[in-house]
Number of protein chains: 2
Amino acid sequence: MEVASHFVKHYYNLFDTDRTQLGGLYTNESKLSFEGQEFQGPEAICTKLVSLPFKTVAHHITTVDCQITIDNKLLIAVLGQLKTDDDPPHSFFQTFSLADRNGSLVIMNDIFRLVIHHVA
Amino acid sequence: MEVASHFVKHYYNLFDTDRTQLGGLYTNESKLSFEGQEFQGPEAICTKLVSLPFKTVAHHITTVDCQITIDNKLLIAVLGQLKTDDDPPHSFFQTFSLADRNGSLVIMNDIFRLVIHHVA
């Protein structure tokens, strides 16, 4: 779905070039789960994303799946790889729920996980 | 969130023991994206899941993240590994949106992907 892949490109382009701008994509009701930590609202979410301890990051998208929900939100699931500083690439997946607010898409729900299977 | 992890265990237990029963978790409006293929409604979804070409399957859950959406749905993102027949384990991730229908949780949206990064 074109709007979904356009959004995803925009999101990761902002993430990789200037994370301080990501707050503009969230509302006061927006929630982020980042590796199991929970944040709500643009300030808390943006502060978390900006504080991540790497200097450079590049996201490479593998797949984008999108469904329109019965209440006209976009549910997007992304699989990709990200590379931070000199580390090897990591697989990640991220789920977004997007809503229309005055003609712009905003992120209502955002769940991020690296693909790491901890051995018991 | 207990209700989310309970649901997830129930879903994969049904999947691993009797996939023919999974249709009961979906409604006519429910959508499944399975490795990029789209299905709607319990019959189409269950037919797809039952037709998957393996005899035995076991899902092992690594992480379950859950958010309550502003319209009181549960958004769940699962990371895990699955093992089919004699194949090596595969990583997968799956996103569910659940709604309450007469006191029972039903799956409104379901997106499944194996964690495979195709090399260009």
# chains A, B, ... in the order shown; residues from 1 in each chain; ligands from 1
>>> residues_around(residues="segment 86-89 of chain B", least_positions_apart="5", cutoff="10 Å", atoms="only C-alpha atoms", output="list of chain:residue names")
B:Phe54, B:Lys55, B:Thr56, B:Val57, B:Ala58, B:His59, B:His60, B:Gly80, B:Gln81
>>> residues_around(residues="Leu25 of chain A", least_positions_apart="3", cutoff="6 Å", atoms="only C-alpha atoms", output="JSON list (two decimals) with N, CA, C and O atoms, in the first residue's frame")
[["chain", "number", "residue", "atom", "x", "y", "z"],
["A", 22, "LEU", "N", 11.31, 13.33, 15.32],
["A", 22, "LEU", "CA", 10.30, 12.26, 15.36],
["A", 22, "LEU", "C", 9.11, 12.59, 16.23],
["A", 22, "LEU", "O", 8.00, 12.09, 16.00],
["A", 106, "VAL", "N", -0.63, 10.33, 11.91],
["A", 106, "VAL", "CA", 0.12, 10.34, 13.17],
["A", 106, "VAL", "C", 0.19, 8.90, 13.70],
["A", 106, "VAL", "O", -0.66, 8.06, 13.38],
["A", 107, "ILE", "N", 1.23, 8.65, 14.50],
["A", 107, "ILE", "CA", 1.43, 7.32, 15.08],
["A", 107, "ILE", "C", 0.68, 7.24, 16.40],
["A", 107, "ILE", "O", 0.97, 8.00, 17.32]]
>>> interface_residues(of="chain B", to="chain A", cutoff="9 Å", atoms="only C-alpha atoms", output="ChimeraX atom specification")
/B:29-33,35-36,62-71,75-77,79-81,91-95,97,108-113,115-118
>>> residues_around(residues="Ile45 of chain B", least_positions_apart="3", cutoff="8 Å", atoms="only C-alpha atoms", output="PyMOL selection string")
chain B and resi 23+31-32+39-42+48-49
>>> select_by_dssp(residues="chain B", states="helix (DSSP H, G or I)", output="JSON, numbers by chain")
{"B": [2, 3, 4, 5, 6, 7, 8, 9, 10, 11, 12, 13, 14, 15, 16, 17, 19, 20, 21, 22, 23, 24, 25, 42, 43, 44, 45, 46, 47, 48, 49, 50, 51]}
>>> atom_distance(atom1="atom CA of Val50 of chain A", atom2="atom CA of Leu74 of chain A")
25.3 Å
>>> atom_distance(atom1="atom CA of Thr84 of chain A", atom2="atom CA of Pro53 of chain A")
9.2 Å
>>> residues_around(residues="Ser104 of chain B", least_positions_apart="5", cutoff="12 Å", atoms="only C-alpha atoms", output="PyMOL selection string")
chain B and resi 3+7+24-27+98-99
>>> write_last_selection(atoms="C-alpha atoms", output="mmCIF file, in the first residue's frame")
data_model
loop_
_atom_site.group_PDB
_atom_site.id
_atom_site.type_symbol
_atom_site.label_atom_id
_atom_site.label_comp_id
_atom_site.auth_asym_id
_atom_site.auth_seq_id
_atom_site.Cartn_x
_atom_site.Cartn_y
_atom_site.Cartn_z
ATOM 1 C CA VAL B 3 -4.889 -11.109 28.941
ATOM 2 C CA PHE B 7 -4.505 -15.085 24.352
ATOM 3 C CA GLY B 24 -13.396 -19.526 15.581
ATOM 4 C CA LEU B 25 -11.062 -16.699 16.589
ATOM 5 C CA TYR B 26 -11.818 -14.599 13.490
ATOM 6 C CA THR B 27 -14.880 -12.649 12.324
ATOM 7 C CA LEU B 98 -7.966 -7.959 19.166
ATOM 8 C CA ALA B 99 -11.473 -6.682 19.853
#
>>> atom_distance(atom1="atom CA of Ser5 of chain A", atom2="atom CA of Glu43 of chain B")
29.1 Å
>>> select_by_dssp(residues="chain B", states="strand (DSSP E or B)", output="ChimeraX atom specification")
/B:26-34,37-40,57-68,74-84,90-101,104-114
>>> decode(residues="segment 2-39 of chain B", atoms="N, CA and C atoms", output="mmCIF file, in the first residue's frame")
data_model
loop_
_atom_site.group_PDB
_atom_site.id
_atom_site.type_symbol
_atom_site.label_atom_id
_atom_site.label_comp_id
_atom_site.auth_asym_id
_atom_site.auth_seq_id
_atom_site.Cartn_x
_atom_site.Cartn_y
_atom_site.Cartn_z
ATOM 1 N N GLU B 2 -1.616 -9.620 31.221
ATOM 2 C CA GLU B 2 -1.960 -11.035 31.374
ATOM 3 C C GLU B 2 -2.916 -11.512 30.280
ATOM 4 N N VAL B 3 -3.903 -10.669 29.928
ATOM 5 C CA VAL B 3 -4.889 -11.109 28.941
ATOM 6 C C VAL B 3 -4.220 -11.351 27.589
ATOM 7 N N ALA B 4 -3.203 -10.543 27.284
ATOM 8 C CA ALA B 4 -2.487 -10.702 26.017
ATOM 9 C C ALA B 4 -1.688 -12.000 26.010
ATOM 10 N N SER B 5 -0.949 -12.255 27.078
ATOM 11 C CA SER B 5 -0.124 -13.458 27.057
ATOM 12 C C SER B 5 -1.004 -14.699 27.123
ATOM 13 N N HIS B 6 -2.152 -14.596 27.794
ATOM 14 C CA HIS B 6 -3.091 -15.714 27.814
ATOM 15 C C HIS B 6 -3.637 -15.984 26.415
ATOM 16 N N PHE B 7 -4.006 -14.920 25.722
ATOM 17 C CA PHE B 7 -4.505 -15.085 24.352
ATOM 18 C C PHE B 7 -3.449 -15.714 23.451
ATOM 19 N N VAL B 8 -2.235 -15.197 23.546
ATOM 20 C CA VAL B 8 -1.160 -15.665 22.669
ATOM 21 C C VAL B 8 -0.896 -17.152 22.900
ATOM 22 N N LYS B 9 -0.868 -17.562 24.169
ATOM 23 C CA LYS B 9 -0.668 -18.986 24.464
ATOM 24 C C LYS B 9 -1.802 -19.828 23.871
ATOM 25 N N HIS B 10 -3.032 -19.331 24.021
ATOM 26 C CA HIS B 10 -4.195 -20.046 23.490
ATOM 27 C C HIS B 10 -4.101 -20.174 21.971
ATOM 28 N N TYR B 11 -3.756 -19.081 21.305
ATOM 29 C CA TYR B 11 -3.673 -19.084 19.844
ATOM 30 C C TYR B 11 -2.654 -20.113 19.348
ATOM 31 N N TYR B 12 -1.438 -20.060 19.897
ATOM 32 C CA TYR B 12 -0.400 -20.960 19.380
ATOM 33 C C TYR B 12 -0.635 -22.397 19.841
ATOM 34 N N ASN B 13 -1.289 -22.582 20.965
ATOM 35 C CA ASN B 13 -1.642 -23.931 21.370
ATOM 36 C C ASN B 13 -2.632 -24.552 20.377
ATOM 37 N N LEU B 14 -3.657 -23.769 19.990
ATOM 38 C CA LEU B 14 -4.583 -24.246 18.958
ATOM 39 C C LEU B 14 -3.843 -24.498 17.645
ATOM 40 N N PHE B 15 -2.968 -23.552 17.276
ATOM 41 C CA PHE B 15 -2.234 -23.671 16.012
ATOM 42 C C PHE B 15 -1.432 -24.965 15.987
ATOM 43 N N ASP B 16 -0.788 -25.270 17.103
ATOM 44 C CA ASP B 16 0.135 -26.407 17.139
ATOM 45 C C ASP B 16 -0.573 -27.741 17.324
ATOM 46 N N THR B 17 -1.812 -27.705 17.811
ATOM 47 C CA THR B 17 -2.491 -28.975 18.080
ATOM 48 C C THR B 17 -3.648 -29.240 17.110
ATOM 49 N N ASP B 18 -4.399 -28.198 16.696
ATOM 50 C CA ASP B 18 -5.538 -28.412 15.793
ATOM 51 C C ASP B 18 -5.881 -27.102 15.084
ATOM 52 N N ARG B 19 -5.183 -26.860 13.962
ATOM 53 C CA ARG B 19 -5.364 -25.594 13.239
ATOM 54 C C ARG B 19 -6.788 -25.403 12.746
ATOM 55 N N THR B 20 -7.548 -26.506 12.584
ATOM 56 C CA THR B 20 -8.913 -26.355 12.072
ATOM 57 C C THR B 20 -9.789 -25.543 13.012
ATOM 58 N N GLN B 21 -9.365 -25.396 14.278
ATOM 59 C CA GLN B 21 -10.173 -24.641 15.238
ATOM 60 C C GLN B 21 -9.883 -23.139 15.240
ATOM 61 N N LEU B 22 -8.873 -22.719 14.487
ATOM 62 C CA LEU B 22 -8.489 -21.302 14.544
ATOM 63 C C LEU B 22 -9.553 -20.381 13.965
ATOM 64 N N GLY B 23 -10.364 -20.884 13.031
ATOM 65 C CA GLY B 23 -11.389 -20.051 12.413
ATOM 66 C C GLY B 23 -12.308 -19.397 13.431
ATOM 67 N N GLY B 24 -12.523 -20.053 14.547
ATOM 68 C CA GLY B 24 -13.396 -19.526 15.581
ATOM 69 C C GLY B 24 -12.898 -18.261 16.237
ATOM 70 N N LEU B 25 -11.628 -17.917 15.994
ATOM 71 C CA LEU B 25 -11.062 -16.699 16.589
ATOM 72 C C LEU B 25 -11.217 -15.485 15.675
ATOM 73 N N TYR B 26 -11.721 -15.691 14.460
ATOM 74 C CA TYR B 26 -11.818 -14.599 13.490
ATOM 75 C C TYR B 26 -13.288 -14.286 13.190
ATOM 76 N N THR B 27 -13.534 -13.063 12.732
ATOM 77 C CA THR B 27 -14.880 -12.649 12.324
ATOM 78 C C THR B 27 -14.898 -12.420 10.813
ATOM 79 N N ASN B 28 -16.077 -12.113 10.283
ATOM 80 C CA ASN B 28 -16.173 -11.857 8.841
ATOM 81 C C ASN B 28 -15.343 -10.656 8.409
ATOM 82 N N GLU B 29 -15.082 -9.736 9.345
ATOM 83 C CA GLU B 29 -14.303 -8.532 9.005
ATOM 84 C C GLU B 29 -12.810 -8.718 9.244
ATOM 85 N N SER B 30 -12.432 -9.877 9.785
ATOM 86 C CA SER B 30 -11.028 -10.086 10.163
ATOM 87 C C SER B 30 -10.148 -10.249 8.932
ATOM 88 N N LYS B 31 -8.935 -9.721 9.042
ATOM 89 C CA LYS B 31 -7.981 -9.808 7.940
ATOM 90 C C LYS B 31 -6.711 -10.501 8.409
ATOM 91 N N LEU B 32 -6.181 -11.350 7.534
ATOM 92 C CA LEU B 32 -4.886 -11.981 7.760
ATOM 93 C C LEU B 32 -3.963 -11.629 6.602
ATOM 94 N N SER B 33 -2.760 -11.147 6.924
ATOM 95 C CA SER B 33 -1.677 -11.055 5.935
ATOM 96 C C SER B 33 -0.661 -12.117 6.325
ATOM 97 N N PHE B 34 -0.483 -13.098 5.451
ATOM 98 C CA PHE B 34 0.423 -14.206 5.746
ATOM 99 C C PHE B 34 1.540 -14.194 4.716
ATOM 100 N N GLU B 35 2.714 -13.791 5.132
ATOM 101 C CA GLU B 35 3.848 -13.686 4.201
ATOM 102 C C GLU B 35 3.445 -12.877 2.959
ATOM 103 N N GLY B 36 2.667 -11.815 3.184
ATOM 104 C CA GLY B 36 2.297 -10.924 2.097
ATOM 105 C C GLY B 36 1.019 -11.305 1.369
ATOM 106 N N GLN B 37 0.479 -12.498 1.616
ATOM 107 C CA GLN B 37 -0.799 -12.888 1.009
ATOM 108 C C GLN B 37 -1.940 -12.456 1.918
ATOM 109 N N GLU B 38 -3.035 -11.964 1.349
ATOM 110 C CA GLU B 38 -4.128 -11.440 2.162
ATOM 111 C C GLU B 38 -5.379 -12.308 2.101
ATOM 112 N N PHE B 39 -6.000 -12.461 3.251
ATOM 113 C CA PHE B 39 -7.206 -13.280 3.403
ATOM 114 C C PHE B 39 -8.169 -12.531 4.311
#
